[in-house]
2 protein chains.
Amino acid sequence: MFKELDPLLHSQLRLAIMSLLMSVEEAEFTYLKEKTGASSGNLSVQIDKLKQAEYITVTKSFRDNYPLTICKKTKRGIKAFESYVDNLKSYLKP
Amino acid sequence: MFKELDPLLHSQLRLAIMSLLMSVEEAEFTYLKEKTGASSGNLSVQIDKLKQAEYITVTKSFRDNYPLTICKKTKRGIKAFESYVDNLKSYLKP
DNA sequence: TAAATTAGTTTATAATGTAAACTACTTTAC
DNA sequence: GTAAAGTAGTTTACATTATAAACTAATTTA
């Protein structure tokens with residue numbers, strides 16, 4: 001009947017992050033912040049959770065003297081996202 | 001970009017309840033329990049939240065000496081569900 | 001050199017979700 | 001008739017989550 005929904009993705013902000021990452025090769029912290037409209041703090045925490053789950057990789061460096069955080073989806077992340085979307089459909093049928 | 005997701009519906013169990021109610025005129029507590037696989041306690045709490053929000057109406061009576069709880073979607077609930085599904089699509093685009 | 005800005009992280013608290021325990025009755029078995 | 005098991009829930013206590021506020025650490029601008 002109803003499929004389980006991965007709790008890691010069933011969160012507005014984390015889902016938005018993954019959704020954005022699906023359509024780009026990689027994304028900067030500031031880009032994700034702007035597109036999602038999230039606060040820095042919240043974004044930082046949620047990025048970390050996605051990283052812990054290995055749904056994304058996070059690379060920290062510097063650019064023009066400022067810290068630069070780059071996020072990228074993993075294969076595991078792609079699979080999880082696709083499953084989530086698929087499972088979600090069982091709830092949306094008319 | 002991303003639409004807001006009604007937190008009341010962005011919950012696996014409450015979404016499942018509303019999803020079930022969408023396709024039937026009304027549903028009994030036991031029916032919802034069986035279809036969702038939820039525990040009675042959890043179901044009771046989530047039904048109450050949907051009722052507080054006036055997404056459903058709850059009618060309590062007796063049948064064959066046992067308590068009988070019947071749930072039914074409201075217009076408000078239907079609109080909320082439809083908006084939720086619509087807004088959710090902004091997260092699922094490929 | 002003080003104030004504002006960038007790019008974040010940490011932490012404290014509020015909000016949520018959920019299982020376990022409980023209520024209140026009914027039915028069945030002895 | 002009464003003890004045990006079953007029905008249909010509700011309440012409450014705890015654990016998990018989410019999020020905003022406060023903080024770090026540096027840079028830039030005035």
# chains A, B, ... in the order shown; residues from 1 in each chain; ligands from 1
$ interface_residues --of "chain A" --to "chain B" --cutoff "10 Å" --atoms "only C-alpha atoms" --output "JSON, numbers by chain"
{"A": [1, 2, 3, 4, 5, 6, 7, 10, 11, 12, 13, 15, 16, 17, 18, 19, 20, 22, 23, 35, 36, 37, 81, 82, 84, 85, 86, 88, 89, 90, 91, 92, 93, 94]}
$ residues_around --residues "DA15 (chain C)" --least-positions-apart "2" --cutoff "12 Å" --atoms "only C-alpha atoms (C1' of nucleotides)" --output "list in words"
Pro7 of chain B; DT13 and DG17 of chain C; DT16, DT17, DA18 and DT19 of chain D
$ interface_residues --of "chain B" --to "chain C" --cutoff "8 Å" --atoms "only C-alpha atoms (C1' of nucleotides)" --output "PyMOL selection string"
chain B and resi 41-42+65-66
$ closest_atom_pairs --of "chain B" --to "chain D" --cutoff "10 Å" --atoms "only C-alpha atoms (C1' of nucleotides)" --output "JSON lines"
{"residue": "B:Phe29", "atom": "CA", "partner": "D:DA8", "partner_atom": "C1'", "distance": 8.6}
{"residue": "B:Thr30", "atom": "CA", "partner": "D:DA8", "partner_atom": "C1'", "distance": 8.2}
{"residue": "B:Ser40", "atom": "CA", "partner": "D:DG9", "partner_atom": "C1'", "distance": 7.1}
{"residue": "B:Gly41", "atom": "CA", "partner": "D:DT10", "partner_atom": "C1'", "distance": 7.3}
{"residue": "B:Leu43", "atom": "CA", "partner": "D:DG9", "partner_atom": "C1'", "distance": 9.8}
{"residue": "B:Ser44", "atom": "CA", "partner": "D:DT10", "partner_atom": "C1'", "distance": 7.3}
{"residue": "B:Val45", "atom": "CA", "partner": "D:DT10", "partner_atom": "C1'", "distance": 8.5}
{"residue": "B:Asn65", "atom": "CA", "partner": "D:DT7", "partner_atom": "C1'", "distance": 9.8}
{"residue": "B:Tyr66", "atom": "CA", "partner": "D:DA8", "partner_atom": "C1'", "distance": 6.8}
{"residue": "B:Pro67", "atom": "CA", "partner": "D:DA8", "partner_atom": "C1'", "distance": 5.9}
{"residue": "B:Leu68", "atom": "CA", "partner": "D:DA8", "partner_atom": "C1'", "distance": 7.4}
{"residue": "B:Thr69", "atom": "CA", "partner": "D:DG9", "partner_atom": "C1'", "distance": 8.6}
$ write_last_selection --atoms "N, CA and C atoms" --output "short mmCIF file (atom, residue, chain, number, x, y, z; two decimals), in the first residue's frame"
data_model
loop_
_atom_site.label_atom_id
_atom_site.label_comp_id
_atom_site.auth_asym_id
_atom_site.auth_seq_id
_atom_site.Cartn_x
_atom_site.Cartn_y
_atom_site.Cartn_z
N PHE B 29 -11.58 4.28 12.03
CA PHE B 29 -10.28 4.22 12.69
C PHE B 29 -9.55 2.92 12.35
N THR B 30 -10.27 1.82 12.48
CA THR B 30 -9.66 0.50 12.27
C THR B 30 -9.21 0.31 10.81
N SER B 40 -2.07 2.19 17.15
CA SER B 40 -3.28 2.91 17.54
C SER B 40 -2.95 4.28 18.13
N GLY B 41 -1.95 4.29 19.00
CA GLY B 41 -1.58 5.55 19.66
C GLY B 41 -1.17 6.61 18.67
N LEU B 43 -1.79 6.73 15.49
CA LEU B 43 -2.92 7.08 14.64
C LEU B 43 -3.87 8.04 15.36
N SER B 44 -4.14 7.75 16.61
CA SER B 44 -5.02 8.60 17.39
C SER B 44 -4.50 10.03 17.45
N VAL B 45 -3.22 10.17 17.74
CA VAL B 45 -2.61 11.50 17.83
C VAL B 45 -2.69 12.24 16.50
N ASN B 65 -21.77 -2.28 20.43
CA ASN B 65 -21.23 -2.03 21.77
C ASN B 65 -19.81 -1.48 21.82
N TYR B 66 -19.14 -1.45 20.65
CA TYR B 66 -17.76 -0.96 20.66
C TYR B 66 -17.70 0.45 20.12
N PRO B 67 -16.74 1.23 20.65
CA PRO B 67 -16.56 2.59 20.12
C PRO B 67 -16.23 2.56 18.64
N LEU B 68 -16.75 3.55 17.94
CA LEU B 68 -16.55 3.62 16.49
C LEU B 68 -16.17 5.05 16.12
N THR B 69 -15.01 5.20 15.50
CA THR B 69 -14.53 6.52 15.12
C THR B 69 -14.49 6.61 13.61
#
$ select_by_dssp --residues "chain B" --states "alpha helix (DSSP H)" --output "PyMOL selection string"
chain B and resi 12-22+29-36+40-52+75-92
$ select_by_dssp --residues "chain B" --states "strand (DSSP E or B)" --output "short mmCIF file (atom, residue, chain, number, x, y, z; two decimals) with C-alpha atoms, in the first residue's frame"
data_model
loop_
_atom_site.label_atom_id
_atom_site.label_comp_id
_atom_site.auth_asym_id
_atom_site.auth_seq_id
_atom_site.Cartn_x
_atom_site.Cartn_y
_atom_site.Cartn_z
CA ALA B 27 -13.14 5.82 6.88
CA GLU B 28 -13.14 4.09 10.23
CA ILE B 56 -10.99 16.17 8.63
CA THR B 57 -14.04 15.71 10.79
CA VAL B 58 -14.19 12.99 13.40
CA THR B 59 -17.43 11.40 14.51
CA LYS B 60 -17.48 9.13 17.51
CA SER B 61 -20.27 6.69 18.16
CA PHE B 62 -20.83 3.04 19.01
CA ARG B 63 -21.39 -0.03 16.88
CA TYR B 66 -17.76 -0.96 20.66
CA PRO B 67 -16.56 2.59 20.12
CA LEU B 68 -16.55 3.62 16.49
CA THR B 69 -14.53 6.52 15.12
CA ILE B 70 -15.27 7.76 11.64
CA CYS B 71 -13.09 10.23 9.77
CA LYS B 72 -14.01 12.29 6.77
CA LYS B 73 -12.11 14.87 4.74
#
$ atom_distance --atom1 "CA of Lys49 (chain A)" --atom2 "CA of Leu8 (chain B)"
22.9 Å
$ atom_distance --atom1 "CA of Tyr55 (chain B)" --atom2 "CA of Arg76 (chain B)"
5.6 Å
$ atom_distance --atom1 "CA of Arg14 (chain B)" --atom2 "CA of Gly77 (chain B)"
11.4 Å
$ decode --residues "region 47-73 of chain A" --atoms "N, CA and C atoms" --output "compact mmCIF listing (two decimals), in the first residue's frame"
# COMPACT_ATOMS: atom_id res chain seq x y z
N ILE A 47 23.22 19.91 5.58
CA ILE A 47 24.28 19.44 4.69
C ILE A 47 25.08 18.36 5.41
N ASP A 48 25.34 18.62 6.68
CA ASP A 48 26.12 17.66 7.45
C ASP A 48 25.40 16.31 7.55
N LYS A 49 24.09 16.35 7.72
CA LYS A 49 23.35 15.09 7.82
C LYS A 49 23.39 14.32 6.51
N LEU A 50 23.27 15.04 5.42
CA LEU A 50 23.33 14.38 4.12
C LEU A 50 24.72 13.80 3.89
N LYS A 51 25.71 14.49 4.41
CA LYS A 51 27.08 14.02 4.28
C LYS A 51 27.30 12.77 5.14
N GLN A 52 26.81 12.81 6.37
CA GLN A 52 26.92 11.64 7.26
C GLN A 52 26.32 10.40 6.61
N ALA A 53 25.20 10.60 5.91
CA ALA A 53 24.51 9.48 5.26
C ALA A 53 25.18 9.10 3.95
N GLU A 54 26.19 9.86 3.58
CA GLU A 54 26.90 9.68 2.30
C GLU A 54 25.99 9.83 1.09
N TYR A 55 25.04 10.74 1.24
CA TYR A 55 24.20 11.09 0.09
C TYR A 55 24.89 12.18 -0.72
N ILE A 56 25.80 12.88 -0.09
CA ILE A 56 26.59 13.91 -0.78
C ILE A 56 28.02 13.89 -0.25
N THR A 57 28.90 14.48 -1.03
CA THR A 57 30.26 14.73 -0.53
C THR A 57 30.40 16.23 -0.34
N VAL A 58 31.22 16.61 0.61
CA VAL A 58 31.42 18.02 0.91
C VAL A 58 32.91 18.33 0.87
N THR A 59 33.25 19.30 0.04
CA THR A 59 34.65 19.68 -0.10
C THR A 59 34.85 21.11 0.35
N LYS A 60 35.73 21.30 1.32
CA LYS A 60 35.96 22.64 1.84
C LYS A 60 37.30 23.16 1.37
N SER A 61 37.29 24.39 0.89
CA SER A 61 38.52 25.03 0.46
C SER A 61 38.38 26.54 0.66
N PHE A 62 39.22 27.28 -0.04
CA PHE A 62 39.11 28.74 0.03
C PHE A 62 39.09 29.31 -1.38
N ARG A 63 38.35 30.39 -1.53
CA ARG A 63 38.35 31.10 -2.81
C ARG A 63 38.32 32.59 -2.51
N ASP A 64 39.27 33.32 -3.08
CA ASP A 64 39.38 34.75 -2.81
C ASP A 64 39.39 35.01 -1.31
N ASN A 65 40.14 34.24 -0.60
CA ASN A 65 40.31 34.41 0.85
C ASN A 65 39.14 33.95 1.70
N TYR A 66 38.01 33.62 1.08
CA TYR A 66 36.85 33.18 1.86
C TYR A 66 36.66 31.68 1.79
N PRO A 67 36.15 31.11 2.87
CA PRO A 67 35.87 29.68 2.84
C PRO A 67 34.87 29.33 1.74
N LEU A 68 35.08 28.19 1.17
CA LEU A 68 34.23 27.75 0.06
C LEU A 68 33.84 26.30 0.30
N THR A 69 32.54 26.05 0.36
CA THR A 69 32.03 24.70 0.61
C THR A 69 31.29 24.22 -0.62
N ILE A 70 31.74 23.11 -1.15
CA ILE A 70 31.13 22.58 -2.36
C ILE A 70 30.50 21.22 -2.10
N CYS A 71 29.25 21.08 -2.52
CA CYS A 71 28.50 19.84 -2.30
C CYS A 71 28.23 19.14 -3.62
N LYS A 72 28.23 17.83 -3.53
CA LYS A 72 28.05 17.01 -4.73
C LYS A 72 27.32 15.74 -4.38
N LYS A 73 26.38 15.35 -5.17
CA LYS A 73 25.62 14.14 -4.90
C LYS A 73 26.50 12.90 -5.12
